[in-house]
Amino acid sequence: MTPRFTVVVPVYNRRGEIEDLLASLVEQRGIAPGLVEAVVVEDGSTDPCGDICEKYDGRGGVEIRYYYKENEGRSPARNYGMERARGEWLIFFDSDCVVPEDYFARLNADTALDALDCFGGPDAAHESFSDTQKAINVAMTSFLTTGGIRGGKVSMEKFTPRTFNMGFRKSVFDSVGGFREMYSEDIDMSTRIRNAGYRIGLLPDQKVYHKRRIDLKKFFRQVYVFGKSRITLHLLYPGSLKVVHLLPAAFVAGVVLMCIFAIVWSWLWILPLVVYLFAVCVSACVAARSLRVGLLAVPASVIQLGGYGLGFINAFTQKILLGRGRDIEEEIAARRGK
């Protein structure tokens, strides 16, 4: 039986994470054997996971094919896997994701899929995640912090699938080509798919559980890079920069000004920030049903907005105002196919 879905997962020194993901894949309910296969591409790891893939291969009717290659980055690893995929649909999860047991039964039965060439779904926090992970999830998914751009039912931007939960037809890959090795490569890929005229949609019920970063320091580094990459995407795709992408930078500038005015004139200048963070806390408490998660969501949201905003401001200053940045010419050349 030719599989309908091929899951492509690049992995680099993530044995524990890939085991959790594969365990969730072979525990899928309500699917026929052979409907789903998984292609795991080890990107030059020093702590490989071939034995883990062998352990789960064939369970639940899911064939798991494992490949080891020299380290080149996650995009070449995904492309390597896509070239070896047999399914009609290529499905992408990050190695730190866990898939609900009804994911593929829902996806296989969803008639909306027939009208699409590319889809994406939201990510959520599993009840087993730590409170910090749940707070980070709130910071990355709440409308108050990201405008719902990661799969929210209400969004300030046209939905763009991301590789923590994304799929497109194998024919799209044959036409558009693979991922490029750059930050925010999934946004770049989704943009190229849309610009080629393919149909993209959000499947809001197709969620995955996304572990993300396990501490706030690592989370800051991640969102800082996201902010920098938004400027690269703007250089590649003029007109792609939207108001929602400017909000974290506005947040950083606003907080600085409020702090200065509060010191110079009156503490009341800081009141809007207090009200906003209180709203974030209440929203997180309700969403997570936990006071502790709600409280942790406050620093997580400040880091999400501040880290992204600082990365954005840094890249905007270096690449646009000063015309610097070693990768501008490389990215534009890649856009033109050179």
# chains A, B, ... in the order shown; residues from 1 in each chain; ligands from 1
>>> closest_atom_pairs(of="range 195-269 of chain A", to="range 16-23 of chain A", cutoff="12 Å", atoms="only C-alpha atoms", output="tab-separated table")
residue	atom	partner	partner_atom	distance
A:Val208	CA	A:Leu21	CA	10.4
A:Tyr209	CA	A:Leu21	CA	9.8
A:His210	CA	A:Leu21	CA	10.2
A:Lys211	CA	A:Glu17	CA	9.0
A:Arg212	CA	A:Glu17	CA	10.7
A:Arg213	CA	A:Glu17	CA	11.9
>>> write_last_selection(atoms="N, CA, C and O atoms", output="PDB file, in the first residue's frame")
ATOM      1  N   VAL A 208      -1.136  20.119  17.245  1.00  0.00           N
ATOM      2  CA  VAL A 208      -0.097  19.256  17.804  1.00  0.00           C
ATOM      3  C   VAL A 208       0.330  19.851  19.139  1.00  0.00           C
ATOM      4  O   VAL A 208       0.098  21.036  19.417  1.00  0.00           O
ATOM      5  N   TYR A 209       0.952  19.036  19.962  1.00  0.00           N
ATOM      6  CA  TYR A 209       1.500  19.507  21.230  1.00  0.00           C
ATOM      7  C   TYR A 209       2.978  19.827  21.018  1.00  0.00           C
ATOM      8  O   TYR A 209       3.759  18.967  20.625  1.00  0.00           O
ATOM      9  N   HIS A 210       3.332  21.080  21.280  1.00  0.00           N
ATOM     10  CA  HIS A 210       4.662  21.592  20.948  1.00  0.00           C
ATOM     11  C   HIS A 210       5.405  21.929  22.237  1.00  0.00           C
ATOM     12  O   HIS A 210       5.005  22.833  22.976  1.00  0.00           O
ATOM     13  N   LYS A 211       6.491  21.222  22.497  1.00  0.00           N
ATOM     14  CA  LYS A 211       7.212  21.415  23.758  1.00  0.00           C
ATOM     15  C   LYS A 211       7.938  22.754  23.821  1.00  0.00           C
ATOM     16  O   LYS A 211       8.124  23.323  24.878  1.00  0.00           O
ATOM     17  N   ARG A 212       8.414  23.249  22.707  1.00  0.00           N
ATOM     18  CA  ARG A 212       9.162  24.503  22.628  1.00  0.00           C
ATOM     19  C   ARG A 212      10.400  24.475  23.532  1.00  0.00           C
ATOM     20  O   ARG A 212      10.928  23.423  23.864  1.00  0.00           O
ATOM     21  N   ARG A 213      10.813  25.652  23.971  1.00  0.00           N
ATOM     22  CA  ARG A 213      11.990  25.743  24.828  1.00  0.00           C
ATOM     23  C   ARG A 213      11.608  25.436  26.275  1.00  0.00           C
ATOM     24  O   ARG A 213      10.488  25.695  26.701  1.00  0.00           O
TER      25      ARG A 213
END
>>> residues_around(residues="Asp102 in chain A", least_positions_apart="5", cutoff="8 Å", atoms="only C-alpha atoms", output="PyMOL selection string")
chain A and resi 28-30
>>> residues_around(residues="Val9 in chain A", least_positions_apart="5", cutoff="8 Å", atoms="only C-alpha atoms", output="PyMOL selection string")
chain A and resi 38-41+78+81+92-95
>>> closest_residue(among="A:Thr6, A:Ser290, A:Ser142, A:Ser266", to="Arg84 in chain A", atoms="only C-alpha atoms")
A:Thr6
>>> select_by_dssp(residues="range 142-311 of chain A", states="alpha helix (DSSP H)", output="VMD selection string")
chain A and resid 143 to 146 170 to 176 185 to 195 216 to 236 243 to 264 271 to 288 291 to 311
>>> closest_residue(among="A:Ala253, A:Ala32, A:Arg106, A:Glu37", to="Tyr56 in chain A", atoms="only C-alpha atoms")
A:Glu37
>>> residues_around(residues="Cys285 in chain A", least_positions_apart="4", cutoff="12 Å", atoms="only C-alpha atoms", output="ChimeraX atom specification")
/A:131,134-135,138,142,278-281,289-298
>>> closest_residue(among="A:Thr141, A:Ser24, A:Thr132, A:Thr111", to="Cys97 in chain A", atoms="only C-alpha atoms")
A:Ser24
>>> residues_around(residues="Phe219 in chain A", least_positions_apart="5", cutoff="12 Å", atoms="only C-alpha atoms", output="list in words")
Thr132, Gln133, Ala135, Ile136, Asn137, Ala139, Met140, Lys211, Arg212, Arg213, Ile214, Tyr224, Val225, Phe226, Pro299, Ala300, Ser301, Val302, Ile303, Gln304, Leu305, Gly306, Gly307 and Tyr308 of chain A
>>> residues_around(residues="Arg74 in chain A", least_positions_apart="6", cutoff="12 Å", atoms="only C-alpha atoms", output="list of chain:residue names")
A:Val8, A:Val9, A:Pro10, A:Val11, A:Tyr12, A:Val40, A:Val41, A:Glu42, A:Asp43, A:Gly44, A:Ser45, A:Tyr80, A:Gly81, A:Phe92, A:Phe93, A:Asp94, A:Ser95, A:Thr163, A:Gly178, A:Phe179, A:Arg180, A:Glu181, A:Met182, A:Tyr183, A:Ser184, A:Glu185, A:Asp186
>>> select_by_dssp(residues="range 89-336 of chain A", states="strand (DSSP E or B)", output="list in words")
Trp89, Leu90, Ile91, Phe92, Cys97, Val98, Cys118, Phe119, Gly120, Asp123, Ala124, Met166, Gly167, Phe168, Arg169, Ile200, Gly201, Leu202, Val208, Tyr209 and His210 of chain A
>>> residues_around(residues="Cys53 in chain A", least_positions_apart="4", cutoff="7 Å", atoms="only C-alpha atoms", output="MDAnalysis selection string")
chainID A and resid 49 57 64 66
>>> write_last_selection(atoms="N, CA and C atoms", output="PDB file, in the first residue's frame")
ATOM      1  N   CYS A  49      19.868   8.473  16.626  1.00  0.00           N
ATOM      2  CA  CYS A  49      18.641   7.859  17.140  1.00  0.00           C
ATOM      3  C   CYS A  49      18.177   6.681  16.278  1.00  0.00           C
ATOM      4  N   ASP A  57       9.657   1.075  14.433  1.00  0.00           N
ATOM      5  CA  ASP A  57       9.332   0.731  13.048  1.00  0.00           C
ATOM      6  C   ASP A  57       8.315  -0.409  12.986  1.00  0.00           C
ATOM      7  N   ILE A  64       8.723   3.225   9.626  1.00  0.00           N
ATOM      8  CA  ILE A  64       9.640   4.314   9.934  1.00  0.00           C
ATOM      9  C   ILE A  64      10.956   4.053   9.230  1.00  0.00           C
ATOM     10  N   TYR A  66      14.743   5.363   8.402  1.00  0.00           N
ATOM     11  CA  TYR A  66      15.767   6.190   9.047  1.00  0.00           C
ATOM     12  C   TYR A  66      16.942   6.392   8.099  1.00  0.00           C
TER      13      TYR A  66
END
>>> closest_atom_pairs(of="range 210-288 of chain A", to="range 309-313 of chain A", cutoff="7 Å", atoms="only C-alpha atoms", output="Markdown table")
| residue | atom | partner | partner_atom | distance |
| --- | --- | --- | --- | --- |
| A:Tyr224 | CA | A:Gly311 | CA | 4.6 |
| A:Val225 | CA | A:Gly311 | CA | 6.2 |
| A:Gly227 | CA | A:Phe312 | CA | 4.2 |
| A:Lys228 | CA | A:Gly311 | CA | 4.6 |
| A:Arg230 | CA | A:Phe312 | CA | 6.8 |
| A:Ile231 | CA | A:Phe312 | CA | 6.7 |
| A:Pro248 | CA | A:Gly309 | CA | 4.4 |
| A:Ala249 | CA | A:Gly309 | CA | 3.9 |
| A:Val252 | CA | A:Gly309 | CA | 6.1 |
>>> write_last_selection(atoms="N, CA and C atoms", output="PDB file, in the first residue's frame")
ATOM      1  N   TYR A 224      14.476  36.130  19.563  1.00  0.00           N
ATOM      2  CA  TYR A 224      15.378  37.168  19.051  1.00  0.00           C
ATOM      3  C   TYR A 224      15.743  36.866  17.598  1.00  0.00           C
ATOM      4  N   VAL A 225      16.031  35.610  17.312  1.00  0.00           N
ATOM      5  CA  VAL A 225      16.350  35.201  15.946  1.00  0.00           C
ATOM      6  C   VAL A 225      15.121  35.362  15.041  1.00  0.00           C
ATOM      7  N   GLY A 227      12.843  37.609  15.292  1.00  0.00           N
ATOM      8  CA  GLY A 227      12.731  39.031  14.970  1.00  0.00           C
ATOM      9  C   GLY A 227      13.705  39.455  13.887  1.00  0.00           C
ATOM     10  N   LYS A 228      14.933  38.953  13.963  1.00  0.00           N
ATOM     11  CA  LYS A 228      15.928  39.277  12.939  1.00  0.00           C
ATOM     12  C   LYS A 228      15.523  38.720  11.576  1.00  0.00           C
ATOM     13  N   ARG A 230      12.650  38.291  10.344  1.00  0.00           N
ATOM     14  CA  ARG A 230      11.541  39.001   9.697  1.00  0.00           C
ATOM     15  C   ARG A 230      12.064  40.046   8.725  1.00  0.00           C
ATOM     16  N   ILE A 231      13.193  40.679   9.025  1.00  0.00           N
ATOM     17  CA  ILE A 231      13.776  41.660   8.111  1.00  0.00           C
ATOM     18  C   ILE A 231      14.323  40.961   6.867  1.00  0.00           C
ATOM     19  N   PRO A 248       5.984  44.090  18.139  1.00  0.00           N
ATOM     20  CA  PRO A 248       6.993  43.856  19.175  1.00  0.00           C
ATOM     21  C   PRO A 248       8.024  44.975  19.272  1.00  0.00           C
ATOM     22  N   ALA A 249       8.445  45.527  18.133  1.00  0.00           N
ATOM     23  CA  ALA A 249       9.387  46.651  18.166  1.00  0.00           C
ATOM     24  C   ALA A 249       8.727  47.870  18.808  1.00  0.00           C
ATOM     25  N   VAL A 252       8.776  47.380  22.556  1.00  0.00           N
ATOM     26  CA  VAL A 252      10.082  47.703  23.146  1.00  0.00           C
ATOM     27  C   VAL A 252      10.247  49.219  23.276  1.00  0.00           C
TER      28      VAL A 252
END
>>> closest_residue(among="A:Leu246, A:Val26, A:Met258, A:Leu107", to="Asp205 in chain A", atoms="only C-alpha atoms")
A:Leu107
>>> closest_residue(among="A:Ala196, A:Ile31, A:Ile260, A:Leu277", to="Ala105 in chain A", atoms="only C-alpha atoms")
A:Ile31
>>> closest_residue(among="A:Leu202, A:Leu116, A:Leu321, A:Ala288", to="Ser130 in chain A", atoms="only C-alpha atoms")
A:Ala288
>>> atom_distance(atom1="CA of Tyr198 in chain A", atom2="CA of Asp117 in chain A")
5.9 Å
>>> decode(residues="range 298-313 of chain A", atoms="N, CA and C atoms", output="PDB file, in the first residue's frame")
ATOM      1  N   VAL A 298       3.416  36.135  32.221  1.00  0.00           N
ATOM      2  CA  VAL A 298       3.783  37.559  32.173  1.00  0.00           C
ATOM      3  C   VAL A 298       5.245  37.731  31.748  1.00  0.00           C
ATOM      4  N   PRO A 299       6.230  37.139  32.457  1.00  0.00           N
ATOM      5  CA  PRO A 299       7.614  37.269  31.961  1.00  0.00           C
ATOM      6  C   PRO A 299       7.817  36.603  30.602  1.00  0.00           C
ATOM      7  N   ALA A 300       7.104  35.499  30.348  1.00  0.00           N
ATOM      8  CA  ALA A 300       7.244  34.837  29.047  1.00  0.00           C
ATOM      9  C   ALA A 300       6.774  35.748  27.922  1.00  0.00           C
ATOM     10  N   SER A 301       5.697  36.479  28.148  1.00  0.00           N
ATOM     11  CA  SER A 301       5.171  37.385  27.127  1.00  0.00           C
ATOM     12  C   SER A 301       6.083  38.593  26.930  1.00  0.00           C
ATOM     13  N   VAL A 302       6.649  39.085  28.044  1.00  0.00           N
ATOM     14  CA  VAL A 302       7.605  40.189  27.929  1.00  0.00           C
ATOM     15  C   VAL A 302       8.821  39.750  27.123  1.00  0.00           C
ATOM     16  N   ILE A 303       9.287  38.533  27.369  1.00  0.00           N
ATOM     17  CA  ILE A 303      10.429  37.995  26.620  1.00  0.00           C
ATOM     18  C   ILE A 303      10.054  37.788  25.155  1.00  0.00           C
ATOM     19  N   GLN A 304       8.862  37.261  24.902  1.00  0.00           N
ATOM     20  CA  GLN A 304       8.432  37.027  23.520  1.00  0.00           C
ATOM     21  C   GLN A 304       8.401  38.342  22.728  1.00  0.00           C
ATOM     22  N   LEU A 305       7.755  39.349  23.302  1.00  0.00           N
ATOM     23  CA  LEU A 305       7.648  40.631  22.614  1.00  0.00           C
ATOM     24  C   LEU A 305       8.990  41.377  22.611  1.00  0.00           C
ATOM     25  N   GLY A 306       9.661  41.380  23.764  1.00  0.00           N
ATOM     26  CA  GLY A 306      10.928  42.103  23.848  1.00  0.00           C
ATOM     27  C   GLY A 306      12.022  41.464  23.025  1.00  0.00           C
ATOM     28  N   GLY A 307      12.140  40.126  23.082  1.00  0.00           N
ATOM     29  CA  GLY A 307      13.167  39.439  22.305  1.00  0.00           C
ATOM     30  C   GLY A 307      12.961  39.612  20.814  1.00  0.00           C
ATOM     31  N   TYR A 308      11.734  39.395  20.363  1.00  0.00           N
ATOM     32  CA  TYR A 308      11.427  39.572  18.940  1.00  0.00           C
ATOM     33  C   TYR A 308      11.663  41.027  18.532  1.00  0.00           C
ATOM     34  N   GLY A 309      11.167  41.950  19.363  1.00  0.00           N
ATOM     35  CA  GLY A 309      11.321  43.365  19.034  1.00  0.00           C
ATOM     36  C   GLY A 309      12.769  43.802  18.950  1.00  0.00           C
ATOM     37  N   LEU A 310      13.609  43.337  19.889  1.00  0.00           N
ATOM     38  CA  LEU A 310      15.026  43.697  19.861  1.00  0.00           C
ATOM     39  C   LEU A 310      15.724  43.102  18.639  1.00  0.00           C
ATOM     40  N   GLY A 311      15.396  41.848  18.300  1.00  0.00           N
ATOM     41  CA  GLY A 311      15.971  41.246  17.102  1.00  0.00           C
ATOM     42  C   GLY A 311      15.560  41.996  15.843  1.00  0.00           C
ATOM     43  N   PHE A 312      14.301  42.379  15.788  1.00  0.00           N
ATOM     44  CA  PHE A 312      13.777  43.137  14.647  1.00  0.00           C
ATOM     45  C   PHE A 312      14.486  44.482  14.522  1.00  0.00           C
ATOM     46  N   ILE A 313      14.598  45.203  15.644  1.00  0.00           N
ATOM     47  CA  ILE A 313      15.250  46.522  15.627  1.00  0.00           C
ATOM     48  C   ILE A 313      16.708  46.396  15.221  1.00  0.00           C
TER      49      ILE A 313
END
